[in-house]
Amino acid sequence: MKKIIGFVLAAVLCLGGISGFASTFTDAHGNTIELDETLEAYTDVKLLGGDSARAGETNLGDLWADALRWFAVSGKINEFFEEDDVRAGITSLDVDEAHVVALWNAGNLKTDIEAGIFNAEKIAEVLPYPNKVAVVYMTGAQLLEQLEACAQGIPCGTETVDACAAFMQVSGLACTIRSQETYDAGEPVGDFWFRANSVRRVSIETVNGEAFDPDAVYAVITSNANFNGMDVSYVMKEAAETNDRSVITTAVVRDVVWMYLKEALNNRVDAAYEKAAGRIIIE
């Protein structure tokens, strides 16, 4: 059966690669974007977004965050710094691979991807926003506070589903959320969130297999929206403002996901993403 699926996939991808057709998609901001219909991939498993991604770690959340981190540690991000940043000497990340993590907010994983063939339109449905890849340099303590604030809606239910849009899918770290602990809410931020007066619900166990260091500096790969403080990403915004090495690149997130699918996964999402990897434990 695997040989048959592999043959069909190869044939489909070959045909897609020579079609040359394009279609358009209107994103959530009303922008009309052109989609490359030659972009096709195959997933052996259903990838969960939507409300599932707001409630906890999902395989689609893992895939999306992995794409961002891969983009950074592979060095491909180096081609996408803006000219002004390059002139300022920003041509690569300032930290080593062990200090690179990715965070992606669940509210920007709008739908599932069913098992089988999927294309650029499906990825645009998952992320119907013109997000670009951003780099925010944060101390471990800031990273921990950001995760605390973003998890304030957990456990996710009818009354907290809006707040859970800020829940972060992750790559490069392992953390625990003690959902029965009371969130220490400070000043309101936006419509559904509050600053974290203290960190009591979230702990980071490891970063890329090494002990978490609250004093270390980590490069957090995320979106321009979170860079600018979307939802409850006030920690990211403050960190970016105090570290001028933090930047928004010219790389479009949807394009980066396709780059990861093609170059790292050979256009196939296999059983490695059958279920969530266990990076986020909710107690």
# chains A, B, ... in the order shown; residues from 1 in each chain; ligands from 1
call {"tool": "select_by_dssp", "arguments": {"residues": "stretch 33-156 of chain A", "states": "helix (DSSP H, G or I)", "output": "VMD selection string"}}
result
chain A and resid 50 to 55 59 to 73 76 to 80 83 to 87 97 to 99 106 to 108 120 to 126 140 to 150
call {"tool": "residues_around", "arguments": {"residues": "stretch 102-106 of chain A", "least_positions_apart": "3", "cutoff": "7 Å", "atoms": "only C-alpha atoms", "output": "NGL selection string"}}
result
:A and (53-54 or 65 or 68-69 or 109 or 165-172 or 220-222)
call {"tool": "residues_around", "arguments": {"residues": "stretch 180-192 of chain A", "least_positions_apart": "4", "cutoff": "10 Å", "atoms": "only C-alpha atoms", "output": "list in words"}}
result
Glu148, Ala149, Ala151, Gln152, Gly153, Ile154, Pro155, Thr160, Val161, Asp162, Ala163, Cys164, Ala165, Ala166, Ala196, Asn197, Ser198, Val199, Arg200, Arg201, Val202, Gly229, Met230, Asp231, Val232, Ser233, Tyr234, Ile282 and Glu283 of chain A
call {"tool": "write_last_selection", "arguments": {"atoms": "C-alpha atoms", "output": "PDB file, in the first residue's frame"}}
result
ATOM      1  CA  GLU A 148       2.615  32.165  30.952  1.00  0.00           C
ATOM      2  CA  ALA A 149       0.586  35.021  29.479  1.00  0.00           C
ATOM      3  CA  ALA A 151      -1.559  30.098  28.281  1.00  0.00           C
ATOM      4  CA  GLN A 152      -3.929  32.082  30.534  1.00  0.00           C
ATOM      5  CA  GLY A 153      -7.011  30.708  28.744  1.00  0.00           C
ATOM      6  CA  ILE A 154      -6.039  27.073  29.331  1.00  0.00           C
ATOM      7  CA  PRO A 155      -7.990  24.871  29.950  1.00  0.00           C
ATOM      8  CA  THR A 160     -12.051  30.946  27.251  1.00  0.00           C
ATOM      9  CA  VAL A 161     -11.857  29.972  23.567  1.00  0.00           C
ATOM     10  CA  ASP A 162     -11.182  33.583  22.513  1.00  0.00           C
ATOM     11  CA  ALA A 163      -8.375  33.941  25.038  1.00  0.00           C
ATOM     12  CA  CYS A 164      -6.935  30.637  23.818  1.00  0.00           C
ATOM     13  CA  ALA A 165      -6.251  32.175  20.404  1.00  0.00           C
ATOM     14  CA  ALA A 166      -3.007  33.373  22.013  1.00  0.00           C
ATOM     15  CA  ALA A 196       1.091  38.131  33.995  1.00  0.00           C
ATOM     16  CA  ASN A 197       1.943  39.578  37.407  1.00  0.00           C
ATOM     17  CA  SER A 198       3.946  36.460  38.157  1.00  0.00           C
ATOM     18  CA  VAL A 199       4.822  33.100  36.626  1.00  0.00           C
ATOM     19  CA  ARG A 200       3.062  30.298  38.464  1.00  0.00           C
ATOM     20  CA  ARG A 201       1.389  28.101  35.847  1.00  0.00           C
ATOM     21  CA  VAL A 202       4.085  27.463  33.240  1.00  0.00           C
ATOM     22  CA  GLY A 229       2.363  42.673  20.371  1.00  0.00           C
ATOM     23  CA  MET A 230      -0.703  40.964  18.892  1.00  0.00           C
ATOM     24  CA  ASP A 231      -3.109  39.447  21.441  1.00  0.00           C
ATOM     25  CA  VAL A 232      -1.098  39.128  24.645  1.00  0.00           C
ATOM     26  CA  SER A 233       2.396  39.182  23.101  1.00  0.00           C
ATOM     27  CA  TYR A 234       3.336  42.271  25.105  1.00  0.00           C
ATOM     28  CA  ILE A 282      -1.054  20.301  30.268  1.00  0.00           C
ATOM     29  CA  GLU A 283      -1.735  19.106  33.780  1.00  0.00           C
TER      30      GLU A 283
END
call {"tool": "closest_residue", "arguments": {"among": "A:Phe227, A:Tyr218, A:Tyr273, A:Tyr42", "to": "A:Tyr137", "atoms": "only C-alpha atoms"}}
result
A:Tyr218
call {"tool": "closest_residue", "arguments": {"among": "A:Glu210, A:Asp112, A:Glu40, A:Asp27", "to": "A:Ser52", "atoms": "only C-alpha atoms"}}
result
A:Asp112
call {"tool": "residues_around", "arguments": {"residues": "A:Ile123", "least_positions_apart": "3", "cutoff": "12 Å", "atoms": "only C-alpha atoms", "output": "PyMOL selection string"}}
result
chain A and resi 25+27+35-37+39-41+47+49+60+64+108-114+117-120+126-130+253-258+261
call {"tool": "select_by_dssp", "arguments": {"residues": "stretch 177-271 of chain A", "states": "strand (DSSP E or B)", "output": "PyMOL selection string"}}
result
chain A and resi 177+185-189+193-196+202-207+210-211+217-223+247-252+268-269
call {"tool": "atom_distance", "arguments": {"atom1": "atom CA of A:Val45", "atom2": "atom CA of A:Ala124"}}
result
19.0 Å
call {"tool": "closest_residue", "arguments": {"among": "A:Thr158, A:Thr139, A:Asn131, A:Thr91", "to": "A:Asp51", "atoms": "only C-alpha atoms"}}
result
A:Thr158
call {"tool": "closest_residue", "arguments": {"among": "A:Leu173, A:Val217, A:Val100, A:Ala88", "to": "A:Ala277", "atoms": "only C-alpha atoms"}}
result
A:Leu173
call {"tool": "closest_atom_pairs", "arguments": {"of": "stretch 168-251 of chain A", "to": "stretch 74-87 of chain A", "cutoff": "12 Å", "atoms": "only C-alpha atoms", "output": "CSV"}}
result
residue,atom,partner,partner_atom,distance
A:Ile221,CA,A:Ile77,CA,10.3
A:Asp244,CA,A:Asp85,CA,9.6
A:Arg245,CA,A:Asp85,CA,8.4
A:Ser246,CA,A:Asp85,CA,9.7
A:Val247,CA,A:Asp85,CA,7.8
A:Ile248,CA,A:Phe81,CA,7.6
A:Thr249,CA,A:Phe81,CA,4.9
A:Thr250,CA,A:Phe80,CA,5.2
A:Ala251,CA,A:Phe80,CA,5.8
call {"tool": "atom_distance", "arguments": {"atom1": "atom CA of A:Val252", "atom2": "atom CA of A:Ser223"}}
result
9.2 Å
call {"tool": "atom_distance", "arguments": {"atom1": "atom CA of A:Gly278", "atom2": "atom CA of A:Ala67"}}
result
17.2 Å
